[in-house]
>>> print(open('coords15.pdb').read())   # PDB, C-alpha atoms
ATOM      1  CA  ALA A  82     139.849  67.290  96.966
ATOM      2  CA  SER A  83     140.949  64.034  98.572
ATOM      3  CA  TYR A  84     143.530  63.431 101.259
ATOM      4  CA  ILE A  85     146.532  61.077 101.383
ATOM      5  CA  PRO A  86     146.464  59.095 104.662
ATOM      6  CA  ARG A  87     149.605  58.975 106.750
ATOM      7  CA  ARG A  88     151.444  55.631 106.837
ATOM      8  CA  PRO A  89     151.786  54.497 110.445
ATOM      9  CA  ASP A  90     154.673  52.131 109.583
ATOM     10  CA  ALA A  91     156.923  54.707 107.966
ATOM     11  CA  ASP A  92     156.499  57.871 109.959
ATOM     12  CA  GLY A  93     158.678  60.714 108.717
ATOM     13  CA  ASP A  94     159.783  59.161 105.421
ATOM     14  CA  GLU A  95     159.440  60.886 102.054
ATOM     15  CA  ILE A  96     155.990  59.468 101.323
ATOM     16  CA  ASP A  97     154.652  60.820 104.632
ATOM     17  CA  ARG A  98     156.182  64.239 103.946
ATOM     18  CA  LEU A  99     154.662  64.204 100.473
ATOM     19  CA  GLY A 100     151.288  63.255 101.949
ATOM     20  CA  ALA A 101     151.476  66.050 104.548
ATOM     21  CA  THR A 102     152.379  68.585 101.865
ATOM     22  CA  TYR A 103     149.520  67.399  99.661
ATOM     23  CA  ASN A 104     147.052  67.619 102.544
ATOM     24  CA  GLU A 105     148.150  71.184 103.378
ATOM     25  CA  MET A 106     147.797  72.156  99.726
ATOM     26  CA  ALA A 107     144.324  70.579  99.542
ATOM     27  CA  GLU A 108     143.203  72.437 102.665
ATOM     28  CA  ARG A 109     144.422  75.760 101.220
ATOM     29  CA  ILE A 110     142.586  75.113  97.943
ATOM     30  CA  ILE A 111     139.349  74.230  99.769
ATOM     31  CA  HIS A 112     139.656  77.365 101.926
ATOM     32  CA  GLN A 113     140.257  79.567  98.872
ATOM     33  CA  LEU A 114     137.278  78.052  97.035
ATOM     34  CA  ARG A 115     135.050  78.787 100.034
ATOM     35  CA  GLU A 116     136.297  82.391 100.133
ATOM     36  CA  LEU A 117     135.659  82.806  96.407
ATOM     37  CA  ARG A 118     132.112  81.451  96.754
ATOM     38  CA  SER A 119     131.464  83.793  99.686
ATOM     39  CA  ALA A 120     132.854  86.807  97.777
ATOM     40  CA  ASP A 121     130.771  85.959  94.702
ATOM     41  CA  ALA A 122     127.625  85.717  96.836
ATOM     42  CA  LYS A 123     128.354  89.113  98.406
ATOM     43  CA  ARG A 124     128.904  90.683  94.994
ATOM     44  CA  ARG A 125     125.641  89.217  93.686
ATOM     45  CA  ASP A 126     123.778  90.549  96.734
ATOM     46  CA  LEU A 127     125.426  93.946  96.312
ATOM     47  CA  ILE A 128     124.466  94.185  92.640
ATOM     48  CA  ALA A 129     120.890  93.093  93.414
ATOM     49  CA  ASN A 130     120.568  95.673  96.204
ATOM     50  CA  ILE A 131     121.894  98.535  94.107
ATOM     51  CA  SER A 132     119.709  97.557  91.143
ATOM     52  CA  HIS A 133     116.733  97.674  93.499
ATOM     53  CA  ASP A 134     117.824 101.071  94.819
ATOM     54  CA  LEU A 135     118.182 102.519  91.310
ATOM     55  CA  ARG A 136     114.687 101.423  90.309
ATOM     56  CA  THR A 137     112.841 103.720  92.745
ATOM     57  CA  PRO A 138     114.353 107.123  91.845
ATOM     58  CA  LEU A 139     114.143 106.243  88.154
ATOM     59  CA  ALA A 140     110.427 105.426  88.443
ATOM     60  CA  SER A 141     109.775 108.522  90.560
ATOM     61  CA  LEU A 142     111.745 110.801  88.231
ATOM     62  CA  ARG A 143     109.929 109.506  85.174
ATOM     63  CA  GLY A 144     106.560 109.778  86.918
ATOM     64  CA  TYR A 145     107.017 113.423  87.856
ATOM     65  CA  LEU A 146     108.376 114.364  84.429
ATOM     66  CA  ASP A 147     105.519 112.523  82.662
ATOM     67  CA  THR A 148     103.028 114.377  84.838
ATOM     68  CA  LEU A 149     104.654 117.711  83.972
ATOM     69  CA  ILE A 150     104.441 116.899  80.267
ATOM     70  CA  LEU A 151     100.912 115.460  80.188
ATOM     71  CA  LYS A 152      99.285 117.910  82.612
ATOM     72  CA  ARG A 153     101.364 121.026  82.004
ATOM     73  CA  ASP A 154      98.312 123.135  81.075
ATOM     74  CA  SER A 155      96.274 122.152  84.130
ATOM     75  CA  LEU A 156      98.978 122.425  86.796
ATOM     76  CA  THR A 157      99.360 125.540  88.928
ATOM     77  CA  ASP A 158     102.702 127.316  89.200
ATOM     78  CA  ASP A 159     103.193 125.911  92.723
ATOM     79  CA  GLU A 160     102.453 122.365  91.534
ATOM     80  CA  ARG A 161     104.876 122.671  88.627
ATOM     81  CA  ARG A 162     107.568 124.059  90.932
ATOM     82  CA  ASN A 163     106.996 121.255  93.463
ATOM     83  CA  TYR A 164     107.155 118.575  90.758
ATOM     84  CA  LEU A 165     110.315 120.041  89.272
ATOM     85  CA  GLU A 166     112.010 120.325  92.668
ATOM     86  CA  THR A 167     111.099 116.728  93.535
ATOM     87  CA  ALA A 168     112.326 115.523  90.140
ATOM     88  CA  ALA A 169     115.592 117.390  90.700
ATOM     89  CA  ARG A 170     116.039 115.731  94.109
ATOM     90  CA  GLN A 171     115.399 112.312  92.621
ATOM     91  CA  SER A 172     117.942 113.075  89.912
ATOM     92  CA  GLU A 173     120.497 113.983  92.590
ATOM     93  CA  ARG A 174     119.692 110.796  94.483
ATOM     94  CA  LEU A 175     120.130 108.772  91.308
ATOM     95  CA  GLY A 176     123.514 110.384  90.759
ATOM     96  CA  LYS A 177     124.559 109.529  94.320
ATOM     97  CA  LEU A 178     123.530 105.908  93.861
ATOM     98  CA  VAL A 179     125.521 105.640  90.642
ATOM     99  CA  GLY A 180     128.487 107.145  92.485
ATOM    100  CA  ASP A 181     128.020 104.617  95.280
ATOM    101  CA  LEU A 182     127.986 101.831  92.695
ATOM    102  CA  PHE A 183     131.414 102.862  91.445
ATOM    103  CA  ASP A 184     132.740 103.226  94.994
ATOM    104  CA  LEU A 185     131.382  99.907  96.202
ATOM    105  CA  ALA A 186     132.661  98.112  93.117
ATOM    106  CA  LYS A 187     136.182  98.729  94.439
ATOM    107  CA  PHE A 188     135.603  96.866  97.677
ATOM    108  CA  ASP A 189     134.021  93.722  99.036
ATOM    109  CA  ALA A 190     130.845  94.364 101.002
ATOM    110  CA  HIS A 191     132.623  94.114 104.371
ATOM    111  CA  ASP A 192     135.221  96.707 103.345
ATOM    112  CA  VAL A 193     132.776  99.594 102.840
ATOM    113  CA  VAL A 194     133.889 102.636 104.859
ATOM    114  CA  LEU A 195     131.193 104.552 106.726
ATOM    115  CA  ARG A 196     131.100 108.294 106.027
ATOM    116  CA  SER A 197     129.648 109.804 109.185
ATOM    117  CA  GLU A 198     128.273 113.325 109.257
ATOM    118  CA  PRO A 199     125.664 115.215 111.321
ATOM    119  CA  PHE A 200     122.190 115.402 109.765
ATOM    120  CA  SER A 201     118.508 115.634 110.646
ATOM    121  CA  LEU A 202     116.836 112.238 110.703
ATOM    122  CA  ALA A 203     113.411 113.891 110.385
ATOM    123  CA  GLU A 204     114.439 115.857 107.272
ATOM    124  CA  LEU A 205     115.836 112.688 105.728
ATOM    125  CA  ALA A 206     112.534 110.898 106.386
ATOM    126  CA  TYR A 207     110.541 113.764 104.819
ATOM    127  CA  ASP A 208     112.807 113.714 101.736
ATOM    128  CA  VAL A 209     112.367 109.955 101.271
ATOM    129  CA  VAL A 210     108.593 110.198 101.682
ATOM    130  CA  GLN A 211     108.326 113.100  99.253
ATOM    131  CA  GLY A 212     110.293 111.175  96.659
ATOM    132  CA  SER A 213     107.945 108.174  97.045
ATOM    133  CA  GLU A 214     104.663 110.102  97.086
ATOM    134  CA  LEU A 215     103.859 109.665  93.402
ATOM    135  CA  VAL A 216     104.396 105.896  93.463
ATOM    136  CA  ALA A 217     102.309 105.608  96.645
ATOM    137  CA  ARG A 218      99.525 107.757  95.196
ATOM    138  CA  GLU A 219      99.333 105.578  92.094
ATOM    139  CA  GLN A 220      98.876 102.526  94.335
ATOM    140  CA  GLY A 221      96.350 104.297  96.575
ATOM    141  CA  VAL A 222      98.588 104.239  99.651
ATOM    142  CA  ALA A 223      98.918 107.215 102.013
ATOM    143  CA  LEU A 224     102.396 108.205 103.232
ATOM    144  CA  GLY A 225     103.125 110.164 106.378
ATOM    145  CA  VAL A 226     105.883 111.244 108.760
ATOM    146  CA  ASP A 227     105.335 111.664 112.504
ATOM    147  CA  ALA A 228     108.434 113.242 114.039
ATOM    148  CA  VAL A 229     108.847 114.823 117.448
ATOM    149  CA  PRO A 230     109.619 118.540 116.893
ATOM    150  CA  GLY A 231     113.042 119.908 117.784
ATOM    151  CA  LEU A 232     114.997 116.685 117.330
ATOM    152  CA  ALA A 233     118.775 117.089 117.502
ATOM    153  CA  PHE A 234     121.043 116.085 114.638
ATOM    154  CA  VAL A 235     122.321 112.504 114.551
ATOM    155  CA  LEU A 236     125.749 111.328 113.444
ATOM    156  CA  GLY A 237     125.869 108.637 110.784
ATOM    157  CA  ASP A 238     126.225 107.720 107.121
ATOM    158  CA  ILE A 239     123.279 109.560 105.579
ATOM    159  CA  GLY A 240     123.587 107.753 102.232
ATOM    160  CA  LEU A 241     123.444 104.248 103.697
ATOM    161  CA  LEU A 242     120.664 105.168 106.130
ATOM    162  CA  GLU A 243     118.671 106.669 103.266
ATOM    163  CA  ARG A 244     118.979 103.342 101.415
ATOM    164  CA  VAL A 245     117.659 101.487 104.462
ATOM    165  CA  ILE A 246     114.645 103.797 104.870
ATOM    166  CA  GLN A 247     113.935 103.845 101.128
ATOM    167  CA  ASN A 248     114.022 100.053 100.866
ATOM    168  CA  LEU A 249     111.656  99.679 103.822
ATOM    169  CA  ILE A 250     109.281 102.300 102.358
ATOM    170  CA  ASP A 251     109.364 100.645  98.920
ATOM    171  CA  ASN A 252     108.576  97.239 100.397
ATOM    172  CA  ALA A 253     105.833  98.669 102.612
ATOM    173  CA  ILE A 254     104.151 100.406  99.647
ATOM    174  CA  ARG A 255     104.446  97.284  97.501
ATOM    175  CA  HIS A 256     102.768  95.067 100.099
ATOM    176  CA  THR A 257     100.117  97.485 101.380
ATOM    177  CA  PRO A 258      96.693  97.198  99.698
ATOM    178  CA  ARG A 259      94.921 100.201  98.155
ATOM    179  CA  GLY A 260      93.421 102.431 100.810
ATOM    180  CA  GLY A 261      96.144 101.561 103.325
ATOM    181  CA  SER A 262      98.884 103.705 104.816
ATOM    182  CA  VAL A 263     102.641 103.734 105.463
ATOM    183  CA  ASP A 264     104.007 105.906 108.273
ATOM    184  CA  ILE A 265     107.469 106.834 109.502
ATOM    185  CA  ARG A 266     107.674 107.654 113.185
ATOM    186  CA  ILE A 267     110.718 109.249 114.804
ATOM    187  CA  ALA A 268     111.081 109.750 118.547
ATOM    188  CA  GLU A 269     113.896 110.388 121.019
ATOM    189  CA  ASN A 270     114.452 108.813 124.403
ATOM    190  CA  ALA A 271     117.455 109.437 126.652
ATOM    191  CA  GLY A 272     119.407 110.963 123.768
ATOM    192  CA  VAL A 273     118.764 108.045 121.407
ATOM    193  CA  GLN A 274     116.589 108.524 118.342
ATOM    194  CA  ARG A 275     114.410 105.667 117.142
ATOM    195  CA  ILE A 276     112.853 105.414 113.694
ATOM    196  CA  GLU A 277     109.933 103.087 112.966
ATOM    197  CA  ILE A 278     108.215 102.333 109.664
ATOM    198  CA  ARG A 279     104.702 100.962 110.016
ATOM    199  CA  ASP A 280     102.182  99.929 107.392
ATOM    200  CA  THR A 281      98.727  98.396 107.168
ATOM    201  CA  GLY A 282      99.855  95.656 104.809
ATOM    202  CA  ARG A 283     100.024  91.940 105.407
ATOM    203  CA  GLY A 284     103.387  92.136 107.173
ATOM    204  CA  ILE A 285     106.577  90.170 106.658
TER
END
>>> encode(input="coords15.pdb", output="structure tokens")
Amino acid sequence: ASYIPRRPDADGDEIDRLGATYNEMAERIIHQLRELRSADAKRRDLIANISHDLRTPLASLRGYLDTLILKRDSLTDDERRNYLETAARQSERLGKLVGDLFDLAKFDAHDVVLRSEPFSLAELAYDVVQGSELVAREQGVALGVDAVPGLAFVLGDIGLLERVIQNLIDNAIRHTPRGGSVDIRIAENAGVQRIEIRDTGRGI
């Protein structure tokens, strides 16, 4: 948009008022275009993030089910039960992510409401690691959790925090060479819990 300059020799006449009105309109249009571009970028990022999140439980679920089908005669009862339970958890996680997709589609990224609840950070870490074990094993990467025993519950949005941990674990596995390791460490100091994800990969 262009602007109409004010006429210094006819201040306040109709042409000046028209120019001022045009300039205000142009500024509003420019501002709205910037907001639209920003909103579109946030939506693209949101879609990309959720697509990434959906990929992991789908791959894990398929991997465990394929193993159950291909190796059903050689698996012990405990192994079959463990695979089925892990597949069920990944199915639940997939359902939660799809639900989140519908919820988040109603809002812009900055309008997402946190749903805080008490939960065990260590248990969440163990669940994420267990769901990623098959993918890590296929890539020859060891996964582990080192948590101080007796940690208190934390208050937060378990779904969003799970996404953060899962994304970090996925990236760590992807960029850690065969024979390496990825570890989650959880400690508490002065009532504050700290979670760290370390790997032997090339780093960011």
>>> resolve_selection(input="coords15.pdb", expression="the PyMOL selection byres ((chain A and resi 225) around 7)", output="list in words")
Ala223, Leu224, Val226, Asp227, Val263, Asp264 and Ile265 of chain A
>>> atom_distance(input="coords15.pdb", atom1="CA of Ile246 (chain A)", atom2="CA of Arg162 (chain A)")
25.6 Å
>>> resolve_selection(input="coords15.pdb", expression="the PyMOL selection byres ((chain A and resi 194-203) around 9)", output="VMD selection string")
chain A and resid 191 to 193 204 to 208 226 to 230 232 to 241 266 to 267 274 276
>>> resolve_selection(input="coords15.pdb", expression="the PyMOL selection byres ((chain A and resi 174) around 12)", output="JSON, numbers by chain")
{"A": [134, 135, 136, 137, 138, 139, 141, 142, 167, 168, 169, 170, 171, 172, 173, 175, 176, 177, 178, 179, 180, 181, 208, 209, 212, 239, 240, 241, 243, 244, 247]}
>>> residues_around(input="coords15.pdb", residues="region 282-284 of chain A", least_positions_apart="5", cutoff="7 Å", atoms="only C-alpha atoms", output="ChimeraX atom specification")
/A:256-258
>>> write_last_selection(input="coords15.pdb", atoms="C-alpha atoms", output="PDB file, in the frame of the given file")
ATOM      1  CA  HIS A 256     102.768  95.067 100.099  1.00  0.00           C
ATOM      2  CA  THR A 257     100.117  97.485 101.380  1.00  0.00           C
ATOM      3  CA  PRO A 258      96.693  97.198  99.698  1.00  0.00           C
TER       4      PRO A 258
END
>>> atom_distance(input="coords15.pdb", atom1="CA of Thr148 (chain A)", atom2="CA of Gly260 (chain A)")
22.1 Å
>>> decode(input="coords15.pdb", residues="region 154-237 of chain A", atoms="C-alpha atoms", output="compact mmCIF listing (two decimals), in the first residue's frame")
# COMPACT_ATOMS: atom_id res chain seq x y z
CA ASP A 154 4.96 -68.95 17.83
CA SER A 155 8.33 -68.04 19.34
CA LEU A 156 7.20 -65.45 21.88
CA THR A 157 6.61 -66.35 25.52
CA ASP A 158 3.33 -65.51 27.23
CA ASP A 159 5.01 -62.65 29.12
CA GLU A 160 6.48 -61.22 25.90
CA ARG A 161 3.12 -61.38 24.13
CA ARG A 162 1.41 -59.71 27.09
CA ASN A 163 4.07 -56.97 27.23
CA TYR A 164 3.80 -56.32 23.48
CA LEU A 165 0.02 -56.18 23.62
CA GLU A 166 0.02 -53.83 26.61
CA THR A 167 2.54 -51.52 24.93
CA ALA A 168 0.53 -51.57 21.69
CA ALA A 169 -2.60 -50.70 23.67
CA ARG A 170 -0.83 -47.75 25.32
CA GLN A 171 0.38 -46.49 21.96
CA SER A 172 -3.17 -46.80 20.64
CA GLU A 173 -4.42 -44.71 23.57
CA ARG A 174 -1.70 -42.14 22.94
CA LEU A 175 -2.65 -41.99 19.28
CA GLY A 176 -6.27 -41.39 20.25
CA LYS A 177 -5.22 -38.57 22.59
CA LEU A 178 -3.18 -36.92 19.85
CA VAL A 179 -6.09 -37.08 17.43
CA GLY A 180 -8.28 -35.55 20.14
CA ASP A 181 -5.69 -32.81 20.66
CA LEU A 182 -5.71 -32.14 16.92
CA PHE A 183 -9.44 -31.45 17.00
CA ASP A 184 -9.10 -29.30 20.12
CA LEU A 185 -6.18 -27.27 18.82
CA ALA A 186 -7.87 -26.75 15.46
CA LYS A 187 -10.38 -24.54 17.28
CA PHE A 188 -7.77 -22.11 18.54
CA ASP A 189 -4.67 -20.27 17.45
CA ALA A 190 -1.49 -21.62 19.00
CA HIS A 191 -1.36 -18.87 21.65
CA ASP A 192 -4.92 -19.61 22.78
CA VAL A 193 -4.29 -23.20 23.91
CA VAL A 194 -5.49 -23.68 27.50
CA LEU A 195 -3.24 -25.67 29.82
CA ARG A 196 -4.93 -28.57 31.61
CA SER A 197 -2.96 -28.97 34.83
CA GLU A 198 -3.18 -32.11 36.92
CA PRO A 199 -0.90 -33.93 39.40
CA PHE A 200 1.16 -36.77 37.91
CA SER A 201 4.44 -38.63 38.31
CA LEU A 202 7.14 -37.27 36.04
CA ALA A 203 9.14 -40.50 36.43
CA GLU A 204 6.18 -42.68 35.37
CA LEU A 205 5.60 -40.45 32.36
CA ALA A 206 9.27 -40.83 31.37
CA TYR A 207 9.08 -44.63 31.72
CA ASP A 208 5.91 -44.72 29.57
CA VAL A 209 7.53 -42.65 26.81
CA VAL A 210 10.68 -44.79 26.84
CA GLN A 211 8.70 -48.02 26.75
CA GLY A 212 6.72 -46.79 23.77
CA SER A 213 9.96 -45.93 21.92
CA GLU A 214 11.89 -49.10 22.78
CA LEU A 215 11.10 -50.97 19.57
CA VAL A 216 12.16 -48.08 17.32
CA ALA A 217 15.36 -47.61 19.36
CA ARG A 218 16.14 -51.33 19.26
CA GLU A 219 15.79 -51.40 15.48
CA GLN A 220 18.33 -48.57 15.25
CA GLY A 221 20.67 -50.18 17.80
CA VAL A 222 20.22 -47.44 20.39
CA ALA A 223 19.83 -48.17 24.11
CA LEU A 224 17.15 -46.28 26.08
CA GLY A 225 17.18 -45.73 29.81
CA VAL A 226 15.56 -43.78 32.65
CA ASP A 227 17.48 -42.65 35.74
CA ALA A 228 15.02 -41.23 38.27
CA VAL A 229 15.56 -40.49 41.93
CA PRO A 230 13.24 -42.82 43.92
CA GLY A 231 10.32 -41.37 45.86
CA LEU A 232 9.80 -38.27 43.72
CA ALA A 233 6.65 -36.30 44.54
CA PHE A 234 3.95 -35.64 41.97
CA VAL A 235 4.27 -32.53 39.81
CA LEU A 236 1.47 -30.27 38.62
CA GLY A 237 1.26 -29.61 34.89
